[in-house]
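Asker: Have a look at this one before I ask anything.
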Amino acid sequence: VHLTISQSRAASSANHIQPLLVDNAGQFFSSGHTNNWAVLVCTSRFWFNYRHVANTLSVYRSVKRLGIPDSHIVLMLADDMACNHRNPKPATVFSHKNMELNVYGDDVEVDYRGYEVTVENFLRVLTGRLPPSTPRSKRLLSDDRSNILIYLTGHGGNGFLKFQDSEEISNVELADAFEQMWQKRRYNELLFIIDTCQGASMYERFYSPNLMALASSQVGEDSLSHQPDLAIGVHLMDRYTFYLLEFLEDIHPASKTNMNDLFKVCPKSQCVSTPGHRTDLFLRDPGSVLITDFFGSVRKVEITMETINLTDPIKQVEQRKYSYVDQLPVSEIIHQKPKQKDWHPPDGFILGLWTLILLVFFKLYGMKHLKHIF
Amino acid sequence: MLTASCCYTDRRRGQLAALSIAAVVIIVGVPLWWRTTETYRAWLPVNQINELANLQLQLSADVEVVFARGTVTPEQQKKVPTQVVISLCLFCSSPLEADLSLHTLSESPCGSLVVYVIPESSTLLPEDVDVYIGQRRTALLRIGAQMRVGRTLEQLLAHLEPRIKQVLQVMSFSHTDITAALSDRVRLSPGNKESIADSMRAFKSSPGYEITFSLLNPDPKSHRVHWDIEGAVQTYIQPLLTKLAPLANFSIDSQTLYYAMLGVNPRYDSSRSAYTLNSDSLAHVINPVEARLGSNAASSNPVLNFLLYVPDAHHSPLHIHDHKKQEVLSNAFHSPRWGGIMVYNVNGFYGPEAVFPVDININMAKVMGVFLAQLRLLLGVQSSAPPPGFLVAPCSSTGLADWELDRLMWSRTVENVATATTTITSLAQLLDQIGNIVINDNIAQQVSSAVTSLQLAVAELEAGNLGFALQYSKEAILASERAFFDPSLLHLLYFPDDQKFAIYIPLFLPMCVPILLSLLKIVSEARQKRRERQAKKD
């Protein structure tokens with residue numbers, strides 16, 4: 001049995017391989033990433049927040065069009081607008097009142113829907129601390145060579161972003177989550193875009209390297225919506241994301257537009273608020289960062305120069321009888337121990353405690369001491 | 001007087017009551033509140049973790065140097081504390097046969113090397129080759145011409161030392177390899193472009209990998225393609241994976257996709273009467289296809305995809321061209337940390353008068369040869385050319401030489417140790433910084449076991465036991481990842497102080513105000529009484 005490598009490993013092979021690496025060098029080393037991920041979150045619920053879902057879906061659409069596959073996108077939508085009872089045009093989500101662009105599309109894949117969009121789940125996705133039963137599509141499986149795009153939209157304030165009208169995430173928590181991602185080398189570079197009121201406050205506290213952030217408005221300013229549609233009855237899109245979508249529609253997978261153009265999207269004349277950006281934590285110069293480094297997924301490729309010459313004949317694999325795999329013990333999984341809740345004192349306890357103390361006090365001293373208290 | 005004594009005893013009772021309430025609150029209440037509101041934090045071996053942060057790695061590999069007859073004089077033989085081989089198979093015509101016959105002598109454990117020094121006049125190696133690297137863990141080193149006459153043992157050893165070091169760097173590990181493996185822990189400035197490309201291409205160390213073979217048939221109406229993937233995997237791929245078993249678990253699956261197009265339009269080249277894909281458009285091929293590929297949803301292991309594309313009848317034959325517009329022999333390309341794609345032309349198997357659909361059996365040996373080469377690259381077996389004067393033995397039947405496996409094991413062990421150290425130290429730092437996170441017992445146990453495994457791995461690396469070192473490093477990685485990514489570490493991430501005040505003030509302030517006021521009253525009365533007593537004395 002003899003096996004030989006068809007190109008001997010003498011100096012001659014070096015001549016083939018070296019120039020290839022040098023030629024690819026520009027592509028290889030300009031960005032340092034090998035794969036792209038996107039985490040797109042819409043945090044608002046209720047029909048009148050239609051525009052936030054439309055925002056997120058339009059970014060999702062652009063990102064998919066430019067090449068990032070669904071397996072690398074984590075899409076979190078807090079409410080379902082396309083199939084909402086109040087939607088006069090069911091199964092569609094439009095970005096403009098002329099209804100030419102249905103951003104819902106035919107193959108949207110929502111990973112976290114409805115009440116699953118919580119601060120806890122969002123932070124779990126970012127830091128990777130998900131329970132072991134979470135499927136692949138709900139995980140952010142990035143490595144140290146991944147460029148991640150994070151897009152948040154909803155209602156926000158100075159230093160917080162509101163989730164589902166019931167909880168909020170603060171800028172400190174977000175900065176800590178990014179730091180944990182950096183510690184575990186879960187990203188190579190990260191682009192953070194936020195379209196909320198006072199959005200710039202959310203990136204004020206970042207302190208991890210290789211983060212670039214864009215926001216639709218400064219602290220103290222509100223982000224405004226674009227225009228209402230009288231047929232659907234709500235505002236369809238926010239201004240910043242509307243102009244961002246317009247900008248992204250001109251980008252194709254091979255375009256060389258860089259980040260400086262992205263910073264110019266939606267100036268104050270169009271947006272009414274002042275978009276802001278932060279690049280001090282980013283190592284590369286924004287002018288050399290391509291839009292497709294984050295929004296698209298351009299793979300690096302290398303030609304395969306070597307092959308192995310195999311001469312063994314193929315072994316005959318005996319035909320196995322196929323049978324079902326061991327089934328999951330569903331009944332055991334369902335009847336798990338309930339989650340341990342934190343202990344709280346019983347409700348009447350504090351009230352009873354006050355009452356007891358006050359009763360004892362006044363009994364002993366008499367009511368005339370009331371004047372010391374009040 | 002009755003009223004005065006009543007008032008006095010009343011007041012006394014009141015004071016006692018206030019004092020006892022204050023005592024109960026302070027002695028019983030405050031500790032109770034403290035205990036019930038503190039977060040459970042199991043003990044972590046912080047000192048050992050801090051020691052890990054300043055880890056010094058020392059790698060040692062056992063090298064056995066064997067002098068063949070004719071290299072040392074008989075007097076020197078007595079002084080050299082190494083085993084001497086009486087006769088090397090000088091009848092062997094090729095170094096390969098010599099290599100094979102040497103294996104019968106001894107089996108070297110993983111991580112160690114044996115270097116056979118042969119005389120300069122030996123005809124075993126070709127003229128311009130000084131070192132022959134065998135398939136297992138052996139190398140044949142030819143003494144240089146200047147060492148022929150009248151040299152002492154010290155001169156001989158001094159001459160051999162740098163050359164043996166060079167052999168070690170090729171076969172075991174070199175400075176650049178180890179720094180590349182440590183890039184997780186220490187972001188050093190990159191050495192050369194080749195090493196960066198290598199580190200970007202290969203998958204990071206992981207406990208398991210999934211390999212998926214996909215056959216893409218965009219034109220089932222014309223081609224009915226059959227491939228014996230099970231047999232091919234068993235014959236060609238499985239031996240390599242079995243050899244790599246100490247490194248990681250591999251799971252293989254395969255699929256066939258119909259009507260899956262490449263997404264890039266190939267151009268017709270009339271000079272070669274074939275369709276061509278040039279290297280610039282290759283980058284855009286992968287994304288549309290990847291959307292259609294399934295994957296095993298159950299595990300989070302990295303996936304290596306190997307695609308075999310059979311072009312449709314209208315676009316056959318399809319060739320890949322490199323930058324110089326030369327046809328690529330293998331007709332395949334690969335993407336770092338993703339997988340490889342090979343284009344398999346079938347137009348040669350049938351003539352123009354064939355009845356469609358045509359049955360086609362794919363030559364799996366050719367296909368697997370390409371995929372095996374790509375698999376080696378993607379798993380981190382380095383492709384850098386050896387230094388001049390070196391001849392490397394052709395590949396063994398498994399596709400991986402023993403010393404290549406050793407190289408991979410060295411760099412993987414170092415990478416695992418670096419990653420586990422980073423994880424543990426950053427976890428300790430995080431838990432220290434955020435005082436509110438609950439540390440359960442299982443996390444503390446994982447951290448302790450990770451620290452222990454790390455220390456053992458470092459010790460084994462120093463001792464040169466590569467197999468054990470790799471095993472311990474794998475255990476360390478598993479434990480540290482489990483500890484870092486435990487879902488329970490997310491609670492109470494950020495609890496600002498003003499929220500704490502807002503919760504406690506309505507509970508405790510109304511309760512504390514009467515107590516405080518009564519205590520103050522007691523103190524002021526006592527002071528007044530003392531003043532009266534002073535006045536009475538005077």
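Letters for chains follow the order of the structure tokens (A, B, ...), residue numbers begin at 1 for each chain, and ligand numbers begin at 1 in the order shown.
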Can you tell me which residues surround Arg284 of chain A at a distance of at most 12 Å, considering only C-alpha atoms, apart from same-chain residues fewer than 3 positions away, and format the answer as a PDB file with all heavy atoms, in the first residue's frame?

Answerer:
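Produced file around.pdb, reproduced below:
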```pdb
ATOM      1  N   PHE A  29      -5.673  39.908   5.601  1.00  0.00           N
ATOM      2  CA  PHE A  29      -5.218  40.645   6.769  1.00  0.00           C
ATOM      3  C   PHE A  29      -5.875  41.997   6.901  1.00  0.00           C
ATOM      4  O   PHE A  29      -5.635  42.697   7.856  1.00  0.00           O
ATOM      5  CB  PHE A  29      -3.703  40.823   6.732  1.00  0.00           C
ATOM      6  CG  PHE A  29      -3.006  39.518   6.569  1.00  0.00           C
ATOM      7  CD1 PHE A  29      -2.150  39.292   5.522  1.00  0.00           C
ATOM      8  CD2 PHE A  29      -3.251  38.481   7.449  1.00  0.00           C
ATOM      9  CE1 PHE A  29      -1.535  38.067   5.367  1.00  0.00           C
ATOM     10  CE2 PHE A  29      -2.649  37.269   7.295  1.00  0.00           C
ATOM     11  CZ  PHE A  29      -1.779  37.059   6.255  1.00  0.00           C
ATOM     12  N   SER A  30      -6.702  42.395   5.943  1.00  0.00           N
ATOM     13  CA  SER A  30      -7.270  43.721   6.091  1.00  0.00           C
ATOM     14  C   SER A  30      -8.281  43.738   7.227  1.00  0.00           C
ATOM     15  O   SER A  30      -8.441  44.740   7.887  1.00  0.00           O
ATOM     16  CB  SER A  30      -7.942  44.142   4.790  1.00  0.00           C
ATOM     17  OG  SER A  30      -8.992  43.251   4.515  1.00  0.00           O
ATOM     18  N   SER A  31      -8.981  42.650   7.453  1.00  0.00           N
ATOM     19  CA  SER A  31      -9.997  42.706   8.483  1.00  0.00           C
ATOM     20  C   SER A  31      -9.795  41.688   9.589  1.00  0.00           C
ATOM     21  O   SER A  31     -10.240  41.920  10.684  1.00  0.00           O
ATOM     22  CB  SER A  31     -11.370  42.479   7.866  1.00  0.00           C
ATOM     23  OG  SER A  31     -11.389  41.189   7.305  1.00  0.00           O
ATOM     24  N   GLY A  32      -9.177  40.581   9.332  1.00  0.00           N
ATOM     25  CA  GLY A  32      -8.922  39.632  10.406  1.00  0.00           C
ATOM     26  C   GLY A  32     -10.110  38.815  10.836  1.00  0.00           C
ATOM     27  O   GLY A  32     -10.053  38.145  11.845  1.00  0.00           O
ATOM     28  N   ASN A 188     -14.342  39.382  17.171  1.00  0.00           N
ATOM     29  CA  ASN A 188     -13.135  40.037  16.688  1.00  0.00           C
ATOM     30  C   ASN A 188     -13.390  41.547  16.675  1.00  0.00           C
ATOM     31  O   ASN A 188     -12.628  42.323  17.228  1.00  0.00           O
ATOM     32  CB  ASN A 188     -12.824  39.522  15.275  1.00  0.00           C
ATOM     33  CG  ASN A 188     -11.627  40.196  14.661  1.00  0.00           C
ATOM     34  OD1 ASN A 188     -10.665  40.468  15.346  1.00  0.00           O
ATOM     35  ND2 ASN A 188     -11.703  40.496  13.388  1.00  0.00           N
ATOM     36  N   GLU A 189     -14.477  41.943  16.037  1.00  0.00           N
ATOM     37  CA  GLU A 189     -14.878  43.349  16.071  1.00  0.00           C
ATOM     38  C   GLU A 189     -16.388  43.398  16.195  1.00  0.00           C
ATOM     39  O   GLU A 189     -17.089  42.507  15.722  1.00  0.00           O
ATOM     40  CB  GLU A 189     -14.457  44.058  14.783  1.00  0.00           C
ATOM     41  CG  GLU A 189     -12.971  44.285  14.696  1.00  0.00           C
ATOM     42  CD  GLU A 189     -12.535  44.712  13.311  1.00  0.00           C
ATOM     43  OE1 GLU A 189     -13.349  44.641  12.382  1.00  0.00           O
ATOM     44  OE2 GLU A 189     -11.382  45.114  13.172  1.00  0.00           O
ATOM     45  N   LEU A 190     -16.898  44.448  16.811  1.00  0.00           N
ATOM     46  CA  LEU A 190     -18.325  44.511  17.070  1.00  0.00           C
ATOM     47  C   LEU A 190     -18.844  45.877  16.665  1.00  0.00           C
ATOM     48  O   LEU A 190     -18.268  46.894  17.041  1.00  0.00           O
ATOM     49  CB  LEU A 190     -18.565  44.271  18.563  1.00  0.00           C
ATOM     50  CG  LEU A 190     -19.926  43.786  18.991  1.00  0.00           C
ATOM     51  CD1 LEU A 190     -19.765  42.821  20.124  1.00  0.00           C
ATOM     52  CD2 LEU A 190     -20.795  44.916  19.399  1.00  0.00           C
ATOM     53  N   PRO A 209     -12.240  46.663  24.046  1.00  0.00           N
ATOM     54  CA  PRO A 209     -11.662  47.076  22.766  1.00  0.00           C
ATOM     55  C   PRO A 209     -12.464  46.567  21.578  1.00  0.00           C
ATOM     56  O   PRO A 209     -13.291  45.654  21.701  1.00  0.00           O
ATOM     57  CB  PRO A 209     -10.275  46.435  22.784  1.00  0.00           C
ATOM     58  CG  PRO A 209     -10.369  45.333  23.740  1.00  0.00           C
ATOM     59  CD  PRO A 209     -11.411  45.685  24.745  1.00  0.00           C
ATOM     60  N   ASN A 210     -12.204  47.145  20.433  1.00  0.00           N
ATOM     61  CA  ASN A 210     -12.785  46.745  19.154  1.00  0.00           C
ATOM     62  C   ASN A 210     -14.291  46.898  19.110  1.00  0.00           C
ATOM     63  O   ASN A 210     -15.001  46.056  18.571  1.00  0.00           O
ATOM     64  CB  ASN A 210     -12.419  45.279  18.828  1.00  0.00           C
ATOM     65  CG  ASN A 210     -11.092  45.199  18.140  1.00  0.00           C
ATOM     66  OD1 ASN A 210     -10.585  46.199  17.652  1.00  0.00           O
ATOM     67  ND2 ASN A 210     -10.526  44.026  18.098  1.00  0.00           N
ATOM     68  N   LEU A 211     -14.787  47.955  19.698  1.00  0.00           N
ATOM     69  CA  LEU A 211     -16.211  48.236  19.614  1.00  0.00           C
ATOM     70  C   LEU A 211     -16.415  49.529  18.858  1.00  0.00           C
ATOM     71  O   LEU A 211     -15.735  50.517  19.126  1.00  0.00           O
ATOM     72  CB  LEU A 211     -16.826  48.410  21.006  1.00  0.00           C
ATOM     73  CG  LEU A 211     -16.858  47.205  21.913  1.00  0.00           C
ATOM     74  CD1 LEU A 211     -17.423  47.607  23.252  1.00  0.00           C
ATOM     75  CD2 LEU A 211     -17.725  46.127  21.321  1.00  0.00           C
ATOM     76  N   MET A 212     -17.348  49.507  17.922  1.00  0.00           N
ATOM     77  CA  MET A 212     -17.733  50.736  17.243  1.00  0.00           C
ATOM     78  C   MET A 212     -19.226  50.901  17.446  1.00  0.00           C
ATOM     79  O   MET A 212     -19.970  49.924  17.335  1.00  0.00           O
ATOM     80  CB  MET A 212     -17.404  50.650  15.752  1.00  0.00           C
ATOM     81  CG  MET A 212     -17.417  52.013  15.106  1.00  0.00           C
ATOM     82  SD  MET A 212     -17.346  52.021  13.319  1.00  0.00           S
ATOM     83  CE  MET A 212     -15.989  51.007  12.944  1.00  0.00           C
ATOM     84  N   ASN A 258     -17.086  52.434   2.850  1.00  0.00           N
ATOM     85  CA  ASN A 258     -16.533  52.248   4.190  1.00  0.00           C
ATOM     86  C   ASN A 258     -17.386  52.940   5.238  1.00  0.00           C
ATOM     87  O   ASN A 258     -18.394  53.580   4.942  1.00  0.00           O
ATOM     88  CB  ASN A 258     -15.082  52.721   4.246  1.00  0.00           C
ATOM     89  CG  ASN A 258     -14.966  54.181   3.879  1.00  0.00           C
ATOM     90  OD1 ASN A 258     -15.857  54.964   4.161  1.00  0.00           O
ATOM     91  ND2 ASN A 258     -13.883  54.529   3.236  1.00  0.00           N
ATOM     92  N   MET A 259     -16.939  52.826   6.481  1.00  0.00           N
ATOM     93  CA  MET A 259     -17.739  53.255   7.619  1.00  0.00           C
ATOM     94  C   MET A 259     -17.952  54.757   7.664  1.00  0.00           C
ATOM     95  O   MET A 259     -18.942  55.231   8.221  1.00  0.00           O
ATOM     96  CB  MET A 259     -17.066  52.826   8.917  1.00  0.00           C
ATOM     97  CG  MET A 259     -17.308  51.397   9.251  1.00  0.00           C
ATOM     98  SD  MET A 259     -19.012  51.143   9.604  1.00  0.00           S
ATOM     99  CE  MET A 259     -19.144  49.424   9.493  1.00  0.00           C
ATOM    100  N   THR A 279     -15.911  55.764  18.051  1.00  0.00           N
ATOM    101  CA  THR A 279     -14.920  54.883  17.429  1.00  0.00           C
ATOM    102  C   THR A 279     -13.624  54.835  18.221  1.00  0.00           C
ATOM    103  O   THR A 279     -12.650  54.264  17.740  1.00  0.00           O
ATOM    104  CB  THR A 279     -14.585  55.358  16.006  1.00  0.00           C
ATOM    105  OG1 THR A 279     -14.193  56.717  16.086  1.00  0.00           O
ATOM    106  CG2 THR A 279     -15.766  55.214  15.087  1.00  0.00           C
ATOM    107  N   ASP A 280     -13.591  55.417  19.415  1.00  0.00           N
ATOM    108  CA  ASP A 280     -12.289  55.490  20.100  1.00  0.00           C
ATOM    109  C   ASP A 280     -11.814  54.130  20.562  1.00  0.00           C
ATOM    110  O   ASP A 280     -10.626  53.915  20.751  1.00  0.00           O
ATOM    111  CB  ASP A 280     -12.381  56.449  21.295  1.00  0.00           C
ATOM    112  CG  ASP A 280     -13.458  56.017  22.264  1.00  0.00           C
ATOM    113  OD1 ASP A 280     -14.551  55.671  21.794  1.00  0.00           O
ATOM    114  OD2 ASP A 280     -13.224  56.042  23.482  1.00  0.00           O
ATOM    115  N   LEU A 281     -12.748  53.176  20.748  1.00  0.00           N
ATOM    116  CA  LEU A 281     -12.322  51.851  21.196  1.00  0.00           C
ATOM    117  C   LEU A 281     -11.950  50.948  20.033  1.00  0.00           C
ATOM    118  O   LEU A 281     -11.516  49.823  20.236  1.00  0.00           O
ATOM    119  CB  LEU A 281     -13.450  51.180  21.981  1.00  0.00           C
ATOM    120  CG  LEU A 281     -13.785  51.835  23.306  1.00  0.00           C
ATOM    121  CD1 LEU A 281     -15.107  51.301  23.804  1.00  0.00           C
ATOM    122  CD2 LEU A 281     -12.709  51.539  24.317  1.00  0.00           C
ATOM    123  N   GLY A 287     -12.169  54.580   8.246  1.00  0.00           N
ATOM    124  CA  GLY A 287     -12.147  54.723   6.805  1.00  0.00           C
ATOM    125  C   GLY A 287     -11.700  53.470   6.090  1.00  0.00           C
ATOM    126  O   GLY A 287     -11.964  53.300   4.908  1.00  0.00           O
ATOM    127  N   SER A 288     -11.034  52.570   6.817  1.00  0.00           N
ATOM    128  CA  SER A 288     -10.579  51.337   6.171  1.00  0.00           C
ATOM    129  C   SER A 288     -11.499  50.167   6.467  1.00  0.00           C
ATOM    130  O   SER A 288     -11.237  49.050   6.057  1.00  0.00           O
ATOM    131  CB  SER A 288      -9.165  50.993   6.640  1.00  0.00           C
ATOM    132  OG  SER A 288      -9.210  50.671   8.008  1.00  0.00           O
ATOM    133  N   VAL A 289     -12.561  50.420   7.185  1.00  0.00           N
ATOM    134  CA  VAL A 289     -13.497  49.343   7.516  1.00  0.00           C
ATOM    135  C   VAL A 289     -14.607  49.344   6.483  1.00  0.00           C
ATOM    136  O   VAL A 289     -15.278  50.344   6.287  1.00  0.00           O
ATOM    137  CB  VAL A 289     -14.091  49.564   8.920  1.00  0.00           C
ATOM    138  CG1 VAL A 289     -15.060  48.460   9.261  1.00  0.00           C
ATOM    139  CG2 VAL A 289     -12.994  49.659   9.940  1.00  0.00           C
ATOM    140  N   LEU A 290     -14.791  48.221   5.814  1.00  0.00           N
ATOM    141  CA  LEU A 290     -15.842  48.144   4.808  1.00  0.00           C
ATOM    142  C   LEU A 290     -17.190  47.894   5.472  1.00  0.00           C
ATOM    143  O   LEU A 290     -17.265  47.269   6.519  1.00  0.00           O
ATOM    144  CB  LEU A 290     -15.557  46.995   3.835  1.00  0.00           C
ATOM    145  CG  LEU A 290     -14.253  47.058   3.052  1.00  0.00           C
ATOM    146  CD1 LEU A 290     -14.122  45.804   2.220  1.00  0.00           C
ATOM    147  CD2 LEU A 290     -14.235  48.279   2.171  1.00  0.00           C
TER     148      LEU A 290
END
```

Asker: Extract the full set of strand (DSSP E) residues from segment 297-421 of chain B according to DSSP on the backbone, and format it as a VMD selection string.

Answerer: chain B and resid 303 to 309 318 to 321 332 to 335 339 to 343 358 to 361 390 to 392

Asker: Find the spatial neighbours of Ser58 of chain A, counting only C-alpha atoms, within a cut-off of 7 Å - ignore same-chain residues fewer than 4 positions away - and output them as a PyMOL selection string.

Answerer: chain A and resi 54+62+103+245

Asker: Record the distance separating atom CA of Val370 of chain B and atom CA of Ser222 of chain B, expressed in Å with one decimal.

Answerer: 25.2 Å

Asker: I'd like to know which of B:Pro357, B:Gly351, B:Pro288, B:Gly208 is closest to Lys221 of chain B, using only C-alpha atoms.

Answerer: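 With only C-alpha atoms as the atom set, the closest residue is B:Pro357.
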
Asker: Would you please work out which residue, of A:Ser331, A:Ser142, A:Ser216, A:Asn87, is nearest to chain B when using only C-alpha atoms?

Answerer: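 Among the listed residues, A:Ser142 lies closest to chain B.
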
Asker: Near segment 131-138 of chain A, counting only C-alpha atoms, which residues have an atom at most 7 Å away, once you skip same-chain residues fewer than 2 positions from it, shown as a PDB file with N, CA, C and O atoms, in the first residue's frame?

Answerer:
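Listed below is the output, part_3.pdb:
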```
ATOM      1  N   SER A  71     -28.452  30.986   9.765  1.00  0.00           N
ATOM      2  CA  SER A  71     -27.826  30.291  10.882  1.00  0.00           C
ATOM      3  C   SER A  71     -26.903  31.206  11.658  1.00  0.00           C
ATOM      4  O   SER A  71     -26.522  30.909  12.775  1.00  0.00           O
ATOM      5  N   VAL A  74     -29.283  36.078  14.811  1.00  0.00           N
ATOM      6  CA  VAL A  74     -30.204  35.870  15.924  1.00  0.00           C
ATOM      7  C   VAL A  74     -31.193  37.021  15.877  1.00  0.00           C
ATOM      8  O   VAL A  74     -30.832  38.170  16.139  1.00  0.00           O
ATOM      9  N   ASP A 111     -35.875  34.018  15.767  1.00  0.00           N
ATOM     10  CA  ASP A 111     -35.357  33.073  16.747  1.00  0.00           C
ATOM     11  C   ASP A 111     -35.977  33.263  18.119  1.00  0.00           C
ATOM     12  O   ASP A 111     -36.251  32.308  18.819  1.00  0.00           O
ATOM     13  N   ARG A 129     -24.378  32.205  27.998  1.00  0.00           N
ATOM     14  CA  ARG A 129     -24.758  31.407  29.171  1.00  0.00           C
ATOM     15  C   ARG A 129     -26.171  30.875  29.008  1.00  0.00           C
ATOM     16  O   ARG A 129     -27.069  31.172  29.789  1.00  0.00           O
ATOM     17  N   LEU A 140     -25.533  32.301  19.929  1.00  0.00           N
ATOM     18  CA  LEU A 140     -24.548  33.098  19.212  1.00  0.00           C
ATOM     19  C   LEU A 140     -23.235  32.328  19.303  1.00  0.00           C
ATOM     20  O   LEU A 140     -22.519  32.427  20.292  1.00  0.00           O
TER      21      LEU A 140
ATOM     22  N   ALA B 297     -28.497  20.149  14.648  1.00  0.00           N
ATOM     23  CA  ALA B 297     -28.900  21.203  15.583  1.00  0.00           C
ATOM     24  C   ALA B 297     -28.612  20.848  17.027  1.00  0.00           C
ATOM     25  O   ALA B 297     -28.720  21.690  17.892  1.00  0.00           O
ATOM     26  N   ALA B 298     -28.243  19.605  17.284  1.00  0.00           N
ATOM     27  CA  ALA B 298     -28.168  19.208  18.685  1.00  0.00           C
ATOM     28  C   ALA B 298     -26.905  19.659  19.373  1.00  0.00           C
ATOM     29  O   ALA B 298     -26.890  19.819  20.576  1.00  0.00           O
ATOM     30  N   SER B 300     -23.233  22.119  19.724  1.00  0.00           N
ATOM     31  CA  SER B 300     -22.678  23.424  19.390  1.00  0.00           C
ATOM     32  C   SER B 300     -21.248  23.311  18.906  1.00  0.00           C
ATOM     33  O   SER B 300     -20.502  24.266  18.970  1.00  0.00           O
ATOM     34  N   PRO B 487     -25.349  28.767  33.305  1.00  0.00           N
ATOM     35  CA  PRO B 487     -26.456  29.716  33.174  1.00  0.00           C
ATOM     36  C   PRO B 487     -26.774  30.477  34.459  1.00  0.00           C
ATOM     37  O   PRO B 487     -27.387  31.531  34.407  1.00  0.00           O
TER      38      PRO B 487
END
```

Asker: Using only C-alpha atoms and a cut-off of 6 Å, which residues of chain B sit close to chain A? Please list them as a PyMOL selection string.

Answerer: chain B and resi 14+231-232+235+283+287+291+297+332-335+365+369-370+373+385+394-395+485-487

Asker: If you keep C-alpha atoms, can you produce a file of those selected residues as a compact mmCIF listing (two decimals), in the first residue's frame?

Answerer:
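For reference, part-v1.txt as written:
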```txt
# COMPACT_ATOMS: atom_id res chain seq x y z
CA GLY B 14 -40.57 52.55 79.21
CA GLY B 231 -17.61 3.24 2.16
CA ALA B 232 -15.41 6.17 1.23
CA THR B 235 -11.85 3.68 4.01
CA ALA B 283 -15.68 34.20 -2.35
CA ASN B 287 -23.04 32.15 1.07
CA ALA B 291 -28.20 28.94 3.51
CA ALA B 297 -28.90 21.20 15.58
CA ALA B 332 -11.17 22.72 -5.39
CA PHE B 333 -10.93 25.57 -2.94
CA HIS B 334 -11.42 25.93 0.77
CA SER B 335 -12.50 28.68 3.14
CA ALA B 365 -10.81 8.03 -4.22
CA GLY B 369 -7.99 12.76 -1.78
CA VAL B 370 -8.89 16.40 -2.13
CA ALA B 373 -5.96 17.37 2.08
CA ALA B 385 7.44 23.96 3.43
CA PRO B 394 5.36 10.63 1.80
CA CYS B 395 2.13 10.48 3.73
CA PHE B 485 -20.88 29.46 30.77
CA ASP B 486 -22.99 28.21 33.63
CA PRO B 487 -26.46 29.72 33.17
```

Asker: What parts of segment 261-442 of chain B does DSSP call helix (DSSP H, G or I)? I'd like the answer as a PyMOL selection string.

Answerer: chain B and resi 279-282+286-290+313-315+347-349+364-379+402-433+441-442

Asker: Distance atom CA of Val24 of chain B-atom CA of Asp10 of chain B, one decimal place?

Answerer: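 We find that atom CA of Val24 of chain B and atom CA of Asp10 of chain B lie 20.8 Å from each other.
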
Asker: As a PyMOL selection string, please: the residues near Ala393 of chain B (cut-off 6 Å, only C-alpha atoms, same-chain neighbours under 6 positions excluded).

Answerer: chain B and resi 133-135
